[in-house]
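Undergrad: Before I ask anything, here is the structure I am working with.
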Amino acid sequence: MVNNPDAGPPQPEPFAADLLRGHTDTIVLGVLRDAERYGLEIYKAIRDATGGLYEIKEATLYATYRRLVKDGLVEASWGDETQGGRRKYYRITDAGRAVYNNNVRSWTATANIINTLLNVKGGTP
Amino acid sequence: MSNAENSSIHRLLDQAFDGAAMNPELQDLKEEIRSNLLVRIAELGEQGLTAEQASRRAFEELGDLDGVIAEFADAGHGGPGGPASPAPAFDPAAAAAGHLAAAALNKVAPRPGFVLGILILSLAALASLVLFVLALSGGGAAGTAVLAAFAAALAAGIATAWSLQQETSQNHPLPRRRALGYGASAASAVVGLALCALAASAGAGMLAAGIFVVLGSAVGFIWLGMSQTNRKKAWVRSVARDYQAQDRFTQDPVAAARFGIYTAVIWITAFAVFALLSLTVGFAWSWLALLAGLAVFMLVLARMLFPADGGRAQHPGSGRAKGE
């Protein structure tokens, strides 16, 4: 499950990419919530969840993984793959879950406030 | 085919990392990117692209690697991982001031409701324990003893689960299911111990049941402990990183090795003396050998970690003190 502020039909639609980029850490934590995954899987999960509307560049994600590991929100380990090469898997920690829950709460609260301020009803002005 | 695609992808990767001063972290990043690229290339190959096309396409999809590589390269400097980088100058006073500021900023006061609740739970657990002991020593009233034991177990379980779900200055709260798991293990430990205590009046069957429940609780704790992941907050980890490699054994591996040998000598001697005294004087006094061993071990540890003469080597005589 990914926070997608622009949930809607996959058609070119203007949206605030900067705003989305600011939540990259939380988005990755959300992807890792139910299973441990390797880098490409995380990238694809994010891309597919937005219906191809928006993708976070893989190169950017590597910096995100590193930051998350450093803060102890995610643990990395090289898996022992029998076919194909070895892959580096990421797993969410208890700290990561707590931070994810906090961020989702504050995002929901912020989204509600902005919607109220902008007089939005049901996503249309 | 696999050869061609591999050589191409390795060449592209080497070019991307060309110019960056390699450190272990960068090397790890390179291998990670390589493994992900190989997966993507295999997918593109299935879609009908040639090896060369697939390699180029997968590499283009990555995006701009320069920024990430620069970030990883910077991190190598000053970090304990970078072999080429000189050890950072560590200023304990500045670090301590920074840590104090971080601690003040991240302070989380316990919620009054939680404090009050834990106090009540502790009192309830204590009262049930007293009741349990009274019922047992009084001889009869097995029903009261069972009821008291369950009340104590419930209080212990709730207190454990509730505490672990609290956010503290240093720890994030545990997810609810894991906290409940710890609580259940704690409660069943109390139940098991109570069943064992009841064995005196209720027979050996109760003892077996008690041991069974205690073992179940131990299995629960072991499983929870082994699957436990980090719950420390980021600022605590950064403080810990600052102090990492500041202790004597990390800075001076020779001292650490010497300490390892001392430890082995101390305990081998202590156990030999223990066995000897057990056979000659008896168990009443032989345990003193182990106590002496522990005392000498702690003294040596203190001397090794905090040398009296400012980092000079430790005199090797201490290992022999306890035999006498």
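Ordering of the structure tokens sets the chain letters (A, B, ...), residue numbers begin anew at 1 in every chain, and ligands are numbered from 1 in the order given.
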Output as a VMD selection string the set of chain B residues within 10 Å of chain A, with distances taken over only C-alpha atoms.

TA: chain B and resid 25 28 to 29 31 to 40 42 61 to 69 71 to 72 167 171 to 175 178 227 to 238

Undergrad: Which distance in Å separates atom CA of B:Ile9 and atom CA of B:Ser55, to one decimal?

TA: 5.7 Å

Undergrad: Where in chain A does DSSP assign alpha helix (DSSP H), given as a ChimeraX atom specification?

TA: /A:17-21,24-31,39-49,58-70,94-117

Undergrad: Could you go through chain A and tell me which residues DSSP, when run on the backbone, assigns to strand (DSSP E), listing them as a list in words?

TA: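 Taking chain A and keeping strand (DSSP E) only, one gets Arg37, Tyr38, Val74, Glu75, Ala76, Ser77, Trp78, Lys88, Tyr89, Tyr90, Arg91 and Ile92 of chain A.
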
Undergrad: Could you pull the residues within 12 Å of B:Ala199, counting only C-alpha atoms, minus those fewer than 6 positions along the same chain, as a list in words?

TA: Leu136, Ala142, Gly192, Leu193, Gly205, Met206, Leu207, Ala208, Ala209, Gly210 and Ile211 of chain B

Undergrad: Could you state the separation of atom CA of A:Ile42 and atom CA of B:Phe59 in Å, given to one decimal place?

TA: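 Separating atom CA of A:Ile42 from atom CA of B:Phe59 is a distance of 17.1 Å.
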
Undergrad: Considering only C-alpha atoms, state which residue in the set B:Asp252, B:Asp91, B:Glu60, B:Asp242 is at the smallest distance from B:Ala16.

TA: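 That would be B:Glu60, the residue with the smallest distance to B:Ala16.
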
Undergrad: In Å to one decimal, how far is atom CA of B:Gln15 from atom CA of B:Ala51?

TA: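 Spanning atom CA of B:Ala51 to atom CA of B:Gln15 is a straight-line distance of 18.4 Å.
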
Undergrad: Quick one: residues within 10 Å of B:Ala186, only C-alpha atoms, excluding same-chain residues fewer than 5 positions away - as a PDB file with N, CA and C atoms, in the first residue's frame?

TA:
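File produced: out_37.pdb:
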```
ATOM      1  N   ALA B 153      -0.474 -13.266  36.938  1.00  0.00           N
ATOM      2  CA  ALA B 153      -0.036 -13.484  35.560  1.00  0.00           C
ATOM      3  C   ALA B 153      -0.639 -12.436  34.637  1.00  0.00           C
ATOM      4  N   LEU B 154      -1.927 -12.162  34.820  1.00  0.00           N
ATOM      5  CA  LEU B 154      -2.607 -11.175  33.985  1.00  0.00           C
ATOM      6  C   LEU B 154      -1.960  -9.804  34.158  1.00  0.00           C
ATOM      7  N   ALA B 155      -1.684  -9.424  35.417  1.00  0.00           N
ATOM      8  CA  ALA B 155      -1.074  -8.117  35.682  1.00  0.00           C
ATOM      9  C   ALA B 155       0.302  -8.032  35.027  1.00  0.00           C
ATOM     10  N   ALA B 156       1.098  -9.106  35.156  1.00  0.00           N
ATOM     11  CA  ALA B 156       2.447  -9.094  34.567  1.00  0.00           C
ATOM     12  C   ALA B 156       2.368  -8.992  33.053  1.00  0.00           C
ATOM     13  N   GLY B 157       1.445  -9.755  32.458  1.00  0.00           N
ATOM     14  CA  GLY B 157       1.313  -9.749  31.005  1.00  0.00           C
ATOM     15  C   GLY B 157       0.889  -8.390  30.485  1.00  0.00           C
ATOM     16  N   ILE B 158      -0.128  -7.801  31.122  1.00  0.00           N
ATOM     17  CA  ILE B 158      -0.624  -6.493  30.671  1.00  0.00           C
ATOM     18  C   ILE B 158       0.464  -5.440  30.831  1.00  0.00           C
ATOM     19  N   ALA B 159       1.164  -5.462  31.982  1.00  0.00           N
ATOM     20  CA  ALA B 159       2.220  -4.466  32.222  1.00  0.00           C
ATOM     21  C   ALA B 159       3.302  -4.585  31.154  1.00  0.00           C
ATOM     22  N   THR B 160       3.693  -5.822  30.819  1.00  0.00           N
ATOM     23  CA  THR B 160       4.740  -6.017  29.807  1.00  0.00           C
ATOM     24  C   THR B 160       4.298  -5.484  28.450  1.00  0.00           C
ATOM     25  N   ALA B 161       3.120  -5.932  28.008  1.00  0.00           N
ATOM     26  CA  ALA B 161       2.646  -5.533  26.674  1.00  0.00           C
ATOM     27  C   ALA B 161       2.444  -4.022  26.594  1.00  0.00           C
ATOM     28  N   LEU B 180       2.048  -7.787  22.334  1.00  0.00           N
ATOM     29  CA  LEU B 180       1.154  -8.776  22.934  1.00  0.00           C
ATOM     30  C   LEU B 180       1.860 -10.123  23.087  1.00  0.00           C
ATOM     31  N   GLY B 181       2.717 -10.457  22.124  1.00  0.00           N
ATOM     32  CA  GLY B 181       3.488 -11.703  22.215  1.00  0.00           C
ATOM     33  C   GLY B 181       4.376 -11.711  23.457  1.00  0.00           C
ATOM     34  N   VAL B 191       2.371 -18.049  35.164  1.00  0.00           N
ATOM     35  CA  VAL B 191       1.458 -19.188  35.351  1.00  0.00           C
ATOM     36  C   VAL B 191       2.251 -20.480  35.585  1.00  0.00           C
ATOM     37  N   GLY B 192       3.295 -20.676  34.763  1.00  0.00           N
ATOM     38  CA  GLY B 192       4.100 -21.893  34.884  1.00  0.00           C
ATOM     39  C   GLY B 192       4.760 -21.998  36.251  1.00  0.00           C
ATOM     40  N   VAL B 214       6.284 -23.259  31.490  1.00  0.00           N
ATOM     41  CA  VAL B 214       7.478 -22.408  31.540  1.00  0.00           C
ATOM     42  C   VAL B 214       8.302 -22.575  30.269  1.00  0.00           C
ATOM     43  N   SER B 217       6.763 -20.666  27.518  1.00  0.00           N
ATOM     44  CA  SER B 217       7.077 -19.247  27.653  1.00  0.00           C
ATOM     45  C   SER B 217       8.500 -18.954  27.173  1.00  0.00           C
ATOM     46  N   ALA B 218       9.436 -19.854  27.511  1.00  0.00           N
ATOM     47  CA  ALA B 218      10.830 -19.653  27.087  1.00  0.00           C
ATOM     48  C   ALA B 218      10.929 -19.692  25.571  1.00  0.00           C
ATOM     49  N   GLY B 220       8.610 -18.915  23.498  1.00  0.00           N
ATOM     50  CA  GLY B 220       8.040 -17.646  23.024  1.00  0.00           C
ATOM     51  C   GLY B 220       9.044 -16.522  23.096  1.00  0.00           C
ATOM     52  N   PHE B 221       9.739 -16.408  24.243  1.00  0.00           N
ATOM     53  CA  PHE B 221      10.731 -15.336  24.408  1.00  0.00           C
ATOM     54  C   PHE B 221      11.869 -15.481  23.409  1.00  0.00           C
TER      55      PHE B 221
END
```

Undergrad: Could you pull the residues within 7 Å of stretch 283-295 of chain B, counting only C-alpha atoms, minus those fewer than 2 positions along the same chain, as a ChimeraX atom specification?

TA: /B:266-267,270-271,273-274,277-278,281,297-299,322

Undergrad: Those same residues - C-alpha atoms - I'd like them written as a compact mmCIF listing (two decimals), in the first residue's frame.

TA:
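The result, written out as selection.txt:
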```
# COMPACT_ATOMS: atom_id res chain seq x y z
CA ILE B 266 41.74 -17.01 34.60
CA TRP B 267 38.72 -19.22 34.00
CA ALA B 270 39.40 -21.04 38.44
CA PHE B 271 37.56 -24.13 37.23
CA VAL B 273 40.84 -25.05 41.48
CA PHE B 274 37.04 -25.43 41.83
CA LEU B 277 38.57 -28.07 46.11
CA SER B 278 35.27 -29.87 45.45
CA VAL B 281 37.44 -29.78 50.85
CA PHE B 297 38.37 -11.24 35.76
CA MET B 298 36.53 -7.99 36.52
CA LEU B 299 39.74 -6.36 37.84
CA LYS B 322 43.56 -16.44 42.15
```

Undergrad: Taking only C-alpha atoms into account, name the residue in A:Tyr100, A:Gly51, A:Arg67, A:Ala76 that is nearest to A:Val31.

TA: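 Result for the nearest residue to A:Val31: A:Tyr100.
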